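**Q** The following file, upload35.cif, comprises mmCIF, C-alpha atoms:
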```
data_final
loop_
_atom_site.label_atom_id
_atom_site.label_comp_id
_atom_site.auth_asym_id
_atom_site.auth_seq_id
_atom_site.Cartn_x
_atom_site.Cartn_y
_atom_site.Cartn_z
CA MET A 259 -198.07 -76.10 -120.86
CA ASP A 260 -200.52 -78.85 -121.86
CA ASN A 261 -199.50 -78.69 -125.51
CA GLU A 262 -195.85 -78.86 -124.54
CA MET A 263 -196.58 -81.81 -122.31
CA LYS A 264 -198.45 -83.51 -125.12
CA SER A 265 -195.50 -83.12 -127.47
CA LEU A 266 -193.14 -84.43 -124.77
CA ARG A 267 -195.45 -87.39 -124.28
CA ASP A 268 -195.51 -88.07 -128.02
CA LEU A 269 -191.73 -87.86 -128.17
CA TRP A 270 -191.38 -90.18 -125.17
CA GLN A 271 -193.79 -92.72 -126.63
CA LYS A 272 -192.24 -92.54 -130.10
CA ALA A 273 -188.71 -93.01 -128.85
CA LYS A 274 -189.33 -95.88 -126.44
CA PRO A 275 -186.23 -98.04 -126.25
CA VAL A 276 -186.63 -101.55 -127.57
CA ALA A 277 -186.75 -103.88 -124.59
CA PRO A 278 -184.33 -106.81 -124.70
CA ALA A 279 -185.86 -110.22 -125.21
CA PRO A 280 -187.36 -111.35 -121.92
CA VAL A 281 -185.35 -113.99 -120.07
CA SER A 282 -186.99 -117.37 -119.65
CA ILE A 283 -189.47 -117.56 -116.81
CA ALA A 284 -187.79 -120.70 -115.48
CA ALA A 285 -184.43 -118.89 -115.27
CA LEU A 286 -186.05 -115.92 -113.57
CA GLN A 287 -187.79 -118.11 -111.03
CA GLN A 288 -184.59 -119.99 -110.36
CA LYS A 289 -182.73 -116.72 -109.80
CA ALA A 290 -185.52 -115.48 -107.51
CA LYS A 291 -185.29 -118.63 -105.41
CA ALA A 292 -181.48 -118.46 -105.29
CA ASN A 293 -181.61 -114.78 -104.27
CA LYS A 294 -184.10 -115.54 -101.53
CA ARG A 295 -181.94 -118.38 -100.24
CA SER A 296 -178.75 -116.31 -100.18
CA SER A 297 -180.59 -113.40 -98.56
CA ILE A 298 -181.82 -115.69 -95.77
CA ILE A 299 -178.32 -117.12 -95.29
CA PHE A 300 -176.86 -113.60 -95.25
CA GLN A 301 -179.41 -112.50 -92.65
CA TYR A 302 -178.86 -115.46 -90.36
CA VAL A 303 -175.11 -115.88 -90.77
CA ASN A 304 -174.32 -113.47 -87.90
CA ILE A 305 -176.71 -115.31 -85.61
CA ILE A 306 -175.21 -118.67 -86.52
CA ILE A 307 -171.64 -117.42 -85.95
CA LEU A 308 -172.51 -115.80 -82.61
CA LEU A 309 -174.46 -118.81 -81.39
CA SER A 310 -171.65 -121.16 -82.39
CA LEU A 311 -169.11 -118.98 -80.55
CA ALA A 312 -171.32 -118.88 -77.45
CA ILE A 313 -171.62 -122.67 -77.53
CA ILE A 314 -167.85 -123.08 -77.99
CA ILE A 315 -167.15 -120.71 -75.08
CA TYR A 316 -169.64 -122.59 -72.91
CA LEU A 317 -168.17 -126.00 -73.78
CA TYR A 318 -164.56 -124.90 -73.55
CA LEU A 319 -164.67 -122.64 -70.49
CA GLY A 320 -167.74 -124.02 -68.75
CA VAL A 321 -167.58 -127.80 -69.34
CA TRP A 322 -164.19 -129.07 -70.57
CA PHE A 323 -161.93 -126.63 -68.67
CA PRO A 324 -164.35 -125.08 -66.19
CA TYR A 325 -163.41 -122.01 -64.21
CA ARG A 326 -163.58 -122.69 -60.48
CA THR A 327 -163.56 -119.20 -58.96
CA LEU A 328 -166.69 -117.07 -58.74
CA LEU A 329 -164.91 -114.31 -60.66
CA GLY A 330 -163.95 -116.69 -63.46
CA GLN A 331 -167.45 -118.21 -63.67
CA THR A 332 -169.01 -114.74 -63.74
CA GLY A 333 -166.62 -113.83 -66.55
CA VAL A 334 -167.66 -116.86 -68.62
CA TRP A 335 -171.35 -116.07 -68.21
CA LEU A 336 -170.81 -112.39 -69.00
CA MET A 337 -169.13 -113.36 -72.26
CA ILE A 338 -171.86 -115.86 -73.16
CA GLY A 339 -174.61 -113.47 -72.03
CA SER A 340 -173.30 -110.59 -74.13
CA MET A 341 -173.23 -112.86 -77.18
CA LEU A 342 -176.77 -114.09 -76.56
CA LEU A 343 -177.91 -110.47 -76.14
CA ARG A 344 -176.41 -109.71 -79.56
CA VAL A 345 -178.16 -112.78 -81.03
CA ILE A 346 -181.53 -111.52 -79.73
CA ILE A 347 -180.86 -108.07 -81.20
CA GLU A 348 -179.85 -109.51 -84.57
CA TRP A 349 -183.02 -111.60 -84.59
CA LEU A 350 -185.18 -108.56 -83.77
CA SER A 351 -183.38 -106.73 -86.53
CA ILE A 352 -184.30 -109.45 -89.04
CA LEU A 353 -187.93 -109.30 -87.93
CA ARG A 354 -187.96 -105.52 -88.47
CA SER A 355 -186.29 -105.79 -91.86
CA LYS A 356 -189.11 -108.09 -92.98
CA ARG A 357 -191.54 -105.21 -92.52
CA ILE A 358 -189.89 -103.37 -95.41
CA ARG A 359 -192.04 -104.49 -98.31
CA LEU A 360 -191.30 -103.51 -101.85
CA ASP A 361 -194.91 -103.87 -102.99
CA THR A 362 -196.23 -101.06 -100.82
CA GLN A 363 -196.56 -97.38 -101.65
CA LEU A 364 -193.24 -95.58 -101.90
CA LEU A 365 -193.96 -93.48 -98.81
CA GLN A 366 -194.87 -96.55 -96.77
CA ASN A 367 -191.78 -98.41 -97.97
CA THR A 368 -189.58 -95.41 -97.12
CA ASN A 369 -191.13 -95.09 -93.67
CA SER A 370 -190.60 -98.80 -92.89
CA ALA A 371 -187.00 -98.59 -94.07
CA LEU A 372 -186.47 -95.47 -91.95
CA HIS A 373 -187.85 -97.24 -88.86
CA TYR A 374 -185.50 -100.13 -89.54
CA TYR A 375 -182.40 -97.96 -89.95
CA ARG A 376 -183.28 -95.87 -86.89
CA PHE A 377 -183.49 -99.12 -84.93
CA ARG A 378 -180.11 -100.15 -86.36
CA LYS A 379 -178.67 -96.77 -85.38
CA LYS A 380 -179.82 -97.35 -81.80
CA ILE A 381 -178.23 -100.81 -81.83
CA HIS A 382 -174.95 -99.46 -83.12
CA GLY A 383 -174.87 -96.84 -80.40
CA PRO A 384 -175.31 -97.56 -76.69
CA ILE A 385 -176.36 -101.21 -77.10
CA THR A 386 -173.22 -102.22 -78.99
CA PHE A 387 -171.04 -100.38 -76.49
CA LEU A 388 -172.83 -102.20 -73.64
CA ILE A 389 -172.31 -105.57 -75.32
CA VAL A 390 -168.60 -104.91 -76.00
CA ALA A 391 -168.15 -103.64 -72.43
CA LEU A 392 -169.83 -106.74 -70.93
CA TYR A 393 -167.79 -109.08 -73.12
CA THR A 394 -164.54 -107.26 -72.31
CA ALA A 395 -165.28 -107.24 -68.58
CA GLY A 396 -166.07 -110.97 -68.74
CA PHE A 397 -162.85 -111.65 -70.63
CA TYR A 398 -160.63 -109.83 -68.13
CA MET A 399 -162.45 -111.52 -65.22
CA LEU A 400 -161.04 -114.80 -66.52
CA MET A 401 -157.48 -113.54 -66.37
CA PRO A 402 -156.65 -114.03 -62.64
CA GLU A 403 -157.53 -117.74 -62.78
CA PHE A 404 -156.11 -118.14 -66.27
CA THR A 405 -152.70 -116.69 -65.28
CA SER A 406 -152.41 -119.17 -62.41
CA HIS A 407 -152.48 -122.09 -64.93
CA VAL A 408 -150.31 -120.78 -67.78
CA PRO A 409 -146.90 -119.12 -68.06
CA THR A 410 -146.79 -115.33 -67.66
CA TRP A 411 -145.69 -114.74 -71.25
CA LEU A 412 -148.81 -116.53 -72.54
CA SER A 413 -151.09 -114.52 -70.25
CA LEU A 414 -149.43 -111.35 -71.47
CA ILE A 415 -149.92 -112.33 -75.13
CA VAL A 416 -153.60 -113.12 -74.52
CA MET A 417 -154.19 -109.88 -72.63
CA ILE A 418 -152.44 -107.77 -75.26
CA SER A 419 -153.97 -109.52 -78.27
CA TYR A 420 -157.52 -108.89 -77.01
CA PRO A 421 -157.44 -105.09 -77.54
CA VAL A 422 -155.85 -105.63 -80.98
CA GLY A 423 -158.70 -107.97 -81.95
CA ALA A 424 -161.19 -105.50 -80.50
CA VAL A 425 -159.78 -102.66 -82.61
CA VAL A 426 -160.12 -104.77 -85.80
CA LEU A 427 -163.69 -105.70 -84.82
CA ILE A 428 -164.62 -102.09 -84.04
CA TYR A 429 -163.19 -101.00 -87.41
CA GLN A 430 -165.36 -103.57 -89.21
CA ILE A 431 -168.44 -102.55 -87.24
CA ARG A 432 -167.79 -98.88 -88.03
CA LYS A 433 -167.63 -99.67 -91.75
CA GLY A 434 -171.06 -101.30 -91.53
CA ILE A 435 -172.41 -98.38 -89.52
CA LYS A 436 -171.16 -95.87 -92.09
CA LYS A 437 -173.08 -97.65 -94.85
CA GLU A 438 -176.26 -97.85 -92.79
CA ILE A 439 -176.04 -94.22 -91.70
CA SER A 440 -175.66 -93.17 -95.33
CA ASP A 441 -178.78 -95.23 -96.16
CA LEU A 442 -180.58 -93.59 -93.26
CA LYS A 443 -179.66 -90.11 -94.49
CA GLU A 444 -180.80 -90.88 -98.03
CA LEU A 445 -184.08 -92.33 -96.81
CA ALA A 446 -184.72 -89.34 -94.57
CA GLU A 447 -184.10 -87.04 -97.54
CA LEU A 448 -186.39 -89.13 -99.72
CA GLN A 449 -189.11 -89.09 -97.09
CA ALA A 450 -188.78 -85.31 -96.81
CA THR A 451 -189.02 -85.00 -100.59
CA ILE A 452 -192.13 -87.20 -100.73
CA VAL A 453 -194.02 -85.39 -98.00
CA GLN A 454 -192.97 -81.85 -98.96
CA ASN A 455 -196.00 -79.60 -99.53
CA GLN A 456 -198.22 -82.22 -97.89
CA ASP A 457 -199.04 -79.80 -95.08
CA LEU A 458 -199.88 -76.98 -97.45
CA LEU A 459 -202.86 -78.79 -98.89
CA MET B 101 -192.13 -119.99 -101.27
CA SER B 102 -194.20 -117.90 -103.64
CA SER B 103 -197.80 -118.94 -104.21
CA LEU B 104 -197.77 -117.59 -107.76
CA GLN B 105 -198.42 -120.28 -110.31
CA PRO B 106 -195.90 -120.30 -113.19
CA ILE B 107 -198.57 -119.57 -115.78
CA GLN B 108 -199.80 -116.45 -113.93
CA PHE B 109 -196.33 -115.10 -113.49
CA ASP B 110 -195.70 -115.84 -117.13
CA SER B 111 -198.50 -113.62 -118.32
CA LEU B 112 -197.67 -110.90 -115.81
CA TYR B 113 -194.08 -110.87 -116.98
CA GLU B 114 -194.98 -110.79 -120.66
CA GLN B 115 -197.55 -108.07 -120.15
CA TYR B 116 -195.44 -105.68 -118.08
CA HIS B 117 -191.86 -106.46 -119.05
CA GLU B 118 -191.62 -103.62 -121.56
CA MET B 119 -193.34 -101.13 -119.30
CA VAL B 120 -190.91 -101.87 -116.47
CA PHE B 121 -187.91 -101.74 -118.81
CA GLN B 122 -188.99 -98.34 -120.12
CA LEU B 123 -189.28 -96.92 -116.61
CA CYS B 124 -185.96 -98.43 -115.54
CA THR B 125 -184.21 -97.03 -118.63
CA GLY B 126 -185.53 -93.57 -117.95
CA PHE B 127 -184.66 -93.82 -114.28
CA LEU B 128 -181.10 -94.89 -115.12
CA LYS B 129 -180.82 -92.03 -117.59
CA GLY B 130 -180.72 -94.20 -120.67
CA ASP B 131 -178.37 -96.96 -119.51
CA ARG B 132 -180.10 -99.89 -121.18
CA GLU B 133 -177.70 -102.53 -119.93
CA MET B 134 -178.24 -101.57 -116.30
CA ALA B 135 -181.94 -101.14 -117.02
CA ALA B 136 -182.15 -104.75 -118.23
CA ASP B 137 -180.57 -105.93 -114.96
CA LEU B 138 -182.85 -103.71 -112.95
CA THR B 139 -185.89 -104.98 -114.84
CA GLN B 140 -184.87 -108.49 -113.89
CA ASP B 141 -184.54 -107.42 -110.24
CA VAL B 142 -188.03 -105.93 -110.38
CA PHE B 143 -189.51 -109.22 -111.55
CA ILE B 144 -187.51 -111.21 -109.02
CA ASN B 145 -188.99 -108.95 -106.34
CA THR B 146 -192.42 -109.37 -107.93
CA TRP B 147 -192.07 -113.14 -107.75
CA ASN B 148 -190.96 -112.96 -104.12
CA ALA B 149 -193.76 -110.57 -103.14
CA TRP B 150 -196.59 -112.36 -104.91
CA SER B 151 -197.77 -114.22 -101.83
CA SER B 152 -198.55 -110.85 -100.23
CA TYR B 153 -200.60 -109.58 -103.19
CA ARG B 154 -204.15 -109.05 -101.92
CA GLY B 155 -205.68 -107.55 -105.01
CA GLU B 156 -206.23 -104.16 -103.35
CA ALA B 157 -204.48 -102.50 -106.27
CA SER B 158 -204.45 -103.52 -109.92
CA HIS B 159 -201.56 -105.65 -111.13
CA LYS B 160 -200.25 -102.65 -113.02
CA THR B 161 -200.23 -100.36 -109.96
CA TRP B 162 -198.73 -103.14 -107.86
CA ILE B 163 -195.91 -103.73 -110.33
CA TYR B 164 -195.28 -100.00 -110.64
CA ARG B 165 -194.96 -99.84 -106.85
CA ILE B 166 -192.39 -102.62 -106.89
CA THR B 167 -190.60 -100.95 -109.80
CA VAL B 168 -190.41 -97.55 -108.08
CA ASN B 169 -189.23 -99.06 -104.78
CA THR B 170 -186.73 -101.34 -106.50
CA CYS B 171 -185.32 -98.47 -108.59
CA LEU B 172 -184.70 -96.31 -105.53
CA GLN B 173 -183.31 -99.23 -103.53
CA TYR B 174 -181.03 -100.16 -106.44
CA LEU B 175 -179.62 -96.65 -106.65
CA ARG B 176 -178.96 -96.60 -102.88
CA LYS B 177 -177.14 -99.92 -103.12
CA GLN B 178 -175.10 -98.77 -106.11
CA LYS B 179 -174.11 -95.55 -104.38
CA ASN B 180 -173.00 -97.56 -101.37
CA LYS B 181 -171.20 -100.21 -103.39
CA ARG B 182 -169.31 -98.23 -105.94
CA ASN B 183 -170.12 -94.69 -104.95
CA VAL B 184 -171.92 -94.26 -108.24
CA GLY B 185 -172.73 -90.60 -108.44
CA GLU B 186 -174.86 -88.68 -110.83
CA GLU B 187 -171.82 -88.31 -113.10
CA GLN B 188 -171.68 -91.97 -113.99
CA LEU B 189 -175.32 -92.19 -114.93
CA GLN B 190 -175.72 -89.17 -117.10
CA ASP B 191 -174.42 -89.58 -120.60
CA HIS B 192 -176.17 -92.65 -121.86
CA ALA B 193 -178.94 -90.83 -123.64
CA GLU B 194 -176.38 -89.19 -125.87
CA GLU B 195 -174.54 -92.46 -126.48
CA GLU B 196 -177.71 -94.29 -127.39
CA ARG B 197 -179.52 -91.81 -129.59
CA THR B 198 -177.33 -89.16 -131.05
CA ASP B 199 -179.59 -89.25 -134.12
CA ASP B 200 -182.56 -87.89 -132.24
CA VAL B 201 -181.68 -84.54 -130.75
CA HIS B 202 -185.07 -83.94 -129.16
CA PHE B 203 -185.18 -87.30 -127.50
CA THR B 204 -181.63 -86.87 -126.18
CA ASP B 205 -182.59 -83.48 -124.78
CA LEU B 206 -185.62 -84.99 -123.10
CA TYR B 207 -183.61 -87.82 -121.52
CA GLN B 208 -180.92 -85.45 -120.34
CA ALA B 209 -183.46 -83.03 -118.93
CA ILE B 210 -185.29 -85.82 -117.09
CA GLY B 211 -181.92 -87.08 -115.87
CA GLN B 212 -181.30 -83.78 -114.12
CA LEU B 213 -184.41 -84.08 -111.98
CA ASN B 214 -184.14 -85.68 -108.55
CA ASP B 215 -184.85 -89.41 -108.29
CA LEU B 216 -188.45 -89.07 -107.17
CA ASP B 217 -189.38 -86.32 -109.65
CA ARG B 218 -187.79 -88.39 -112.40
CA LEU B 219 -189.97 -91.38 -111.54
CA ILE B 220 -193.10 -89.27 -111.28
CA ILE B 221 -192.63 -87.48 -114.60
CA MET B 222 -191.90 -90.76 -116.34
CA MET B 223 -195.17 -92.16 -115.05
CA VAL B 224 -196.89 -89.02 -116.37
CA LEU B 225 -195.22 -89.51 -119.75
CA GLU B 226 -196.36 -93.14 -119.64
CA GLU B 227 -199.89 -91.73 -119.33
CA ILE B 228 -200.63 -93.26 -115.98
CA ASP B 229 -203.60 -91.59 -114.30
CA TYR B 230 -202.91 -89.20 -111.43
CA PRO B 231 -204.95 -91.26 -108.91
CA GLU B 232 -202.86 -94.28 -109.84
CA ILE B 233 -199.57 -92.38 -109.47
CA SER B 234 -200.68 -91.09 -106.08
CA GLN B 235 -201.44 -94.72 -105.12
CA ILE B 236 -197.94 -95.73 -106.19
CA VAL B 237 -196.10 -92.92 -104.42
CA GLY B 238 -198.37 -92.67 -101.39
CA ILE B 239 -199.20 -88.96 -101.48
CA SER B 240 -202.53 -87.21 -101.94
CA GLU B 241 -203.71 -86.43 -105.45
CA GLY B 242 -203.73 -82.71 -104.67
CA ASN B 243 -200.13 -82.84 -103.53
CA LEU B 244 -199.23 -84.86 -106.59
CA ARG B 245 -200.78 -82.28 -108.93
CA VAL B 246 -198.78 -79.47 -107.30
CA ARG B 247 -195.62 -81.55 -107.59
CA ILE B 248 -196.24 -82.47 -111.21
CA HIS B 249 -196.87 -78.82 -112.04
CA ARG B 250 -193.49 -77.93 -110.53
CA ILE B 251 -191.72 -80.79 -112.30
CA LYS B 252 -193.20 -79.64 -115.61
CA GLN B 253 -191.91 -76.12 -114.96
CA LYS B 254 -188.45 -77.48 -114.11
CA LEU B 255 -188.48 -79.65 -117.19
CA LYS B 256 -189.51 -76.72 -119.34
CA LYS B 257 -186.57 -74.71 -118.00
CA LEU B 258 -184.19 -77.62 -118.51
CA LEU B 259 -185.36 -78.03 -122.07
CA GLY B 260 -184.65 -74.37 -122.65
CA ASN B 261 -188.24 -73.21 -123.08
CA GLY B 262 -188.57 -71.54 -119.71
#
```
Would you mind writing the file out in C-alpha cells?
**A**
Amino acid sequence: MDNEMKSLRDLWQKAKPVAPAPVSIAALQQKAKANKRSSIIFQYVNIIILLSLAIIIYLYLGVWFPYRTLLGQTGVWLMIGSMLLRVIIEWLSILRSKRIRLDTQLLQNTNSALHYYRFRKKIHGPITFLIVALYTAGFYMLMPEFTSHVPTWLSLIVMISYPVGAVVLIYQIRKGIKKEISDLKELAELQATIVQNQDLL
Amino acid sequence: MSSLQPIQFDSLYEQYHEMVFQLCTGFLKGDREMAADLTQDVFINTWNAWSSYRGEASHKTWIYRITVNTCLQYLRKQKNKRNVGEEQLQDHAEEERTDDVHFTDLYQAIGQLNDLDRLIIMMVLEEIDYPEISQIVGISEGNLRVRIHRIKQKLKKLLGNG
C-alpha cells in the first residue's frame, strides 16, 4: 500500500497543474472590500426594509391618519409589533451567522453552520407563523374603522388583496426555506461524515 | 477592516497561491477555470479573516483550513444556485490531460470520492503531515489514520488495483 501511495504521490506532484498568474494584490483587496460591503448590505437589507415599513405604518396610521377606536389602535400596534419582532429575529440571525468562521477547523465550522441553520429552521417554523398571524390579525382589526371612512368597494379590494399579497410573500419565504433546509441537510451529512468512527477510537 | 498590512498579505499570497490552486483544482475534479475563481475566493476570505488570526496554527494550516471550508461552502452554494451535480464536475481531468492516462485515472478516481475524502486524500498527496491534517479537519489523529486507510483502499479499487 505504501509503495502504491508513493507512486500516486509522485504522479500527483509531477502532474501539478500550472497555476494561472496571480491577480494583483490591489485588485484582490479591492474585491475583498467590495464583497464585504455587499455582504453587509445583503445582511441588513431585510432589517432596513422592515424598519422602514414599520416607520411608514406608524406615521401613516398612527400620526397622519390615526385610528381612533381601541380595536383600530390595537391593530396598528400589532402590525408594528410583529415587524419589530421580525427585525429583532433578523438581527439575532446576523449575530449567529457571524459565528461561522472560515478559518476554524472544518468540524468547528460545520458545527457553527449547523447551529445557525437550526436556528433559522426554528425561525421559519412557529415564529414566522406567529409573526404572520399577528400582522394579519392587526390588519383585519383596522377594517371596521377603515370601512366607515371609505366606499365599500375599496374596503373589499383591500380585504381581498391582502390574502393575495400574503400568498406571494409565503411563496417567496418558502423558496428561501427550501434553500436553507437543503444547506442544513448537507451540513448534517457532512458533520456525520466527519465524526464517523470517532466513537470507535 | 482587515488588520493585515499589504506587504504581509502579499507574501502570504505569493507563497500559498499555487498550493491553494492545486487543492481547488483537485477538489473541482480538474476544472481549472472554476479552480482559479475558487482560489481567488479563498484569498478574499483569508484577507477578511486575517484580523482573527491569533497565530495558534501556522499560516499554512490556517490557509488550508480556509481553503477546505471555502471549497465545501462553494460547492453548497453552487448546488443551490445552479443545481450543479456531480455530473457537471466530472470530466475535466480527461479534457485537460488526455496525454497522461495515469494522471487522468488518478483525477477521475479522486473525483469519485466524497467531498471530504477528496480533500483529505489531496492533503495526503500534498504531503501534509497527519497531525496538521487532523488540525485542519478537526478530528483526532487516530480517527484520521483509520479514515485515510479506508480512502486509500477505495482509491485502490477505483484505480483498478483492488
**Q** Using all atoms listed in the file, find the residues of chain B whose closest atom to chain A is at most 7 Å away, then write them as a list in words.
**A** Asp110, Glu118, Phe121, Gln122, Ile144, Trp147, Asn148, Ala149, Trp162, Arg165, Ile166, Asn169, Thr170, Arg176, Asn180, Phe203, Leu225, Gln235, Ile236, Val237, Gly238 and Asn243 of chain B
**Q** Given the file shown, determine the residues that the PyMOL selection byres ((chain B and resi 124-127) around 8) selects; report them as a PyMOL selection string.
**A** (chain A and resi 275) or (chain B and resi 120-123+128-132+134-136+138-139+167+171+207+210-211+215+218-219+222)
**Q** List as a PDB file with C-alpha atoms, in the coordinates of the input the protein and nucleic acid residues near Ile439 (chain A), meaning an atom at most 12 Å away when all atoms listed in the file are counted, but skip any in the same chain fewer than 2 places from it.
**A**
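Output below, filename part32.pdb:
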```
ATOM      1  CA  LEU A 372    -186.470 -95.470 -91.950  1.00  0.00           C
ATOM      2  CA  TYR A 374    -185.500-100.130 -89.540  1.00  0.00           C
ATOM      3  CA  TYR A 375    -182.400 -97.960 -89.950  1.00  0.00           C
ATOM      4  CA  ARG A 376    -183.280 -95.870 -86.890  1.00  0.00           C
ATOM      5  CA  PHE A 377    -183.490 -99.120 -84.930  1.00  0.00           C
ATOM      6  CA  ARG A 378    -180.110-100.150 -86.360  1.00  0.00           C
ATOM      7  CA  LYS A 379    -178.670 -96.770 -85.380  1.00  0.00           C
ATOM      8  CA  LYS A 380    -179.820 -97.350 -81.800  1.00  0.00           C
ATOM      9  CA  HIS A 382    -174.950 -99.460 -83.120  1.00  0.00           C
ATOM     10  CA  GLY A 383    -174.870 -96.840 -80.400  1.00  0.00           C
ATOM     11  CA  ARG A 432    -167.790 -98.880 -88.030  1.00  0.00           C
ATOM     12  CA  LYS A 433    -167.630 -99.670 -91.750  1.00  0.00           C
ATOM     13  CA  GLY A 434    -171.060-101.300 -91.530  1.00  0.00           C
ATOM     14  CA  ILE A 435    -172.410 -98.380 -89.520  1.00  0.00           C
ATOM     15  CA  LYS A 436    -171.160 -95.870 -92.090  1.00  0.00           C
ATOM     16  CA  LYS A 437    -173.080 -97.650 -94.850  1.00  0.00           C
ATOM     17  CA  ASP A 441    -178.780 -95.230 -96.160  1.00  0.00           C
ATOM     18  CA  LEU A 442    -180.580 -93.590 -93.260  1.00  0.00           C
ATOM     19  CA  LYS A 443    -179.660 -90.110 -94.490  1.00  0.00           C
ATOM     20  CA  GLU A 444    -180.800 -90.880 -98.030  1.00  0.00           C
ATOM     21  CA  LEU A 445    -184.080 -92.330 -96.810  1.00  0.00           C
ATOM     22  CA  ALA A 446    -184.720 -89.340 -94.570  1.00  0.00           C
TER      23      ALA A 446
ATOM     24  CA  ARG B 176    -178.960 -96.600-102.880  1.00  0.00           C
ATOM     25  CA  ASN B 180    -173.000 -97.560-101.370  1.00  0.00           C
TER      26      ASN B 180
END
```
**Q** Residues at most 12 Å from region 422-425 of chain A, counting all atoms listed in the file, excluding those fewer than 6 positions away in the same chain, as a PyMOL selection string?
**A** chain A and resi 387+390-391+393-394+397+415-416+431-432
**Q** Report the distance between CA of Val224 (chain B) and CA of His117 (chain B) in Å, rounded to one decimal place.
**A**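 The value is 18.3 Å.
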**Q** Can you turn the PyMOL selection byres ((chain A and resi 350) around 12) into a concrete residue list for this file, as a PyMOL selection string?
**A** chain A and resi 301-302+305+343-349+351-357+374+377-378+381
**Q** Mind dumping the selected residues with C-alpha atoms as a compact mmCIF listing (two decimals), in the coordinates of the input?
**A**
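Output (again-v4.txt):
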```
# COMPACT_ATOMS: atom_id res chain seq x y z
CA GLN A 301 -179.41 -112.50 -92.65
CA TYR A 302 -178.86 -115.46 -90.36
CA ILE A 305 -176.71 -115.31 -85.61
CA LEU A 343 -177.91 -110.47 -76.14
CA ARG A 344 -176.41 -109.71 -79.56
CA VAL A 345 -178.16 -112.78 -81.03
CA ILE A 346 -181.53 -111.52 -79.73
CA ILE A 347 -180.86 -108.07 -81.20
CA GLU A 348 -179.85 -109.51 -84.57
CA TRP A 349 -183.02 -111.60 -84.59
CA SER A 351 -183.38 -106.73 -86.53
CA ILE A 352 -184.30 -109.45 -89.04
CA LEU A 353 -187.93 -109.30 -87.93
CA ARG A 354 -187.96 -105.52 -88.47
CA SER A 355 -186.29 -105.79 -91.86
CA LYS A 356 -189.11 -108.09 -92.98
CA ARG A 357 -191.54 -105.21 -92.52
CA TYR A 374 -185.50 -100.13 -89.54
CA PHE A 377 -183.49 -99.12 -84.93
CA ARG A 378 -180.11 -100.15 -86.36
CA ILE A 381 -178.23 -100.81 -81.83
```
**Q** Under the rule that all atoms listed in the file are counted, which of A:Tyr429, A:Val321, A:Met417, A:Phe300 is the nearest residue to Leu400 (chain A)?
**A**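 Result for the nearest residue to Leu400 (chain A): A:Met417.
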**Q** Between CA of Thr332 (chain A) and CA of Leu427 (chain A), measure the distance and give it in Å to one decimal.
**A**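 These atoms are spaced 23.5 Å apart.
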**Q** I'd like the interatomic distance between CA of Trp411 (chain A) and CA of Ile313 (chain A), to a tenth of an Å.
**A**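 Between CA of Trp411 (chain A) and CA of Ile313 (chain A) the gap works out to 27.8 Å.
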**Q** Of the candidates A:Tyr420, A:Trp322, A:His407, A:Met341, which one gets nearest to Asn304 (chain A) if we count all atoms listed in the file?
**A** A:Met341
**Q** Between B:Phe109, B:Leu175, B:Tyr164, B:Lys256, which has the minimum distance to Trp150 (chain B) (counting only C-alpha atoms)?
**A**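 Of the candidates, the smallest distance to Trp150 (chain B) is held by B:Phe109.
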**Q** Using all atoms listed in the file for the distances, tell me which of A:Leu342, A:Ile428, A:Val334, A:Ile299 is nearest to Gly396 (chain A).
**A**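 Among the listed residues, A:Val334 lies closest to Gly396 (chain A).
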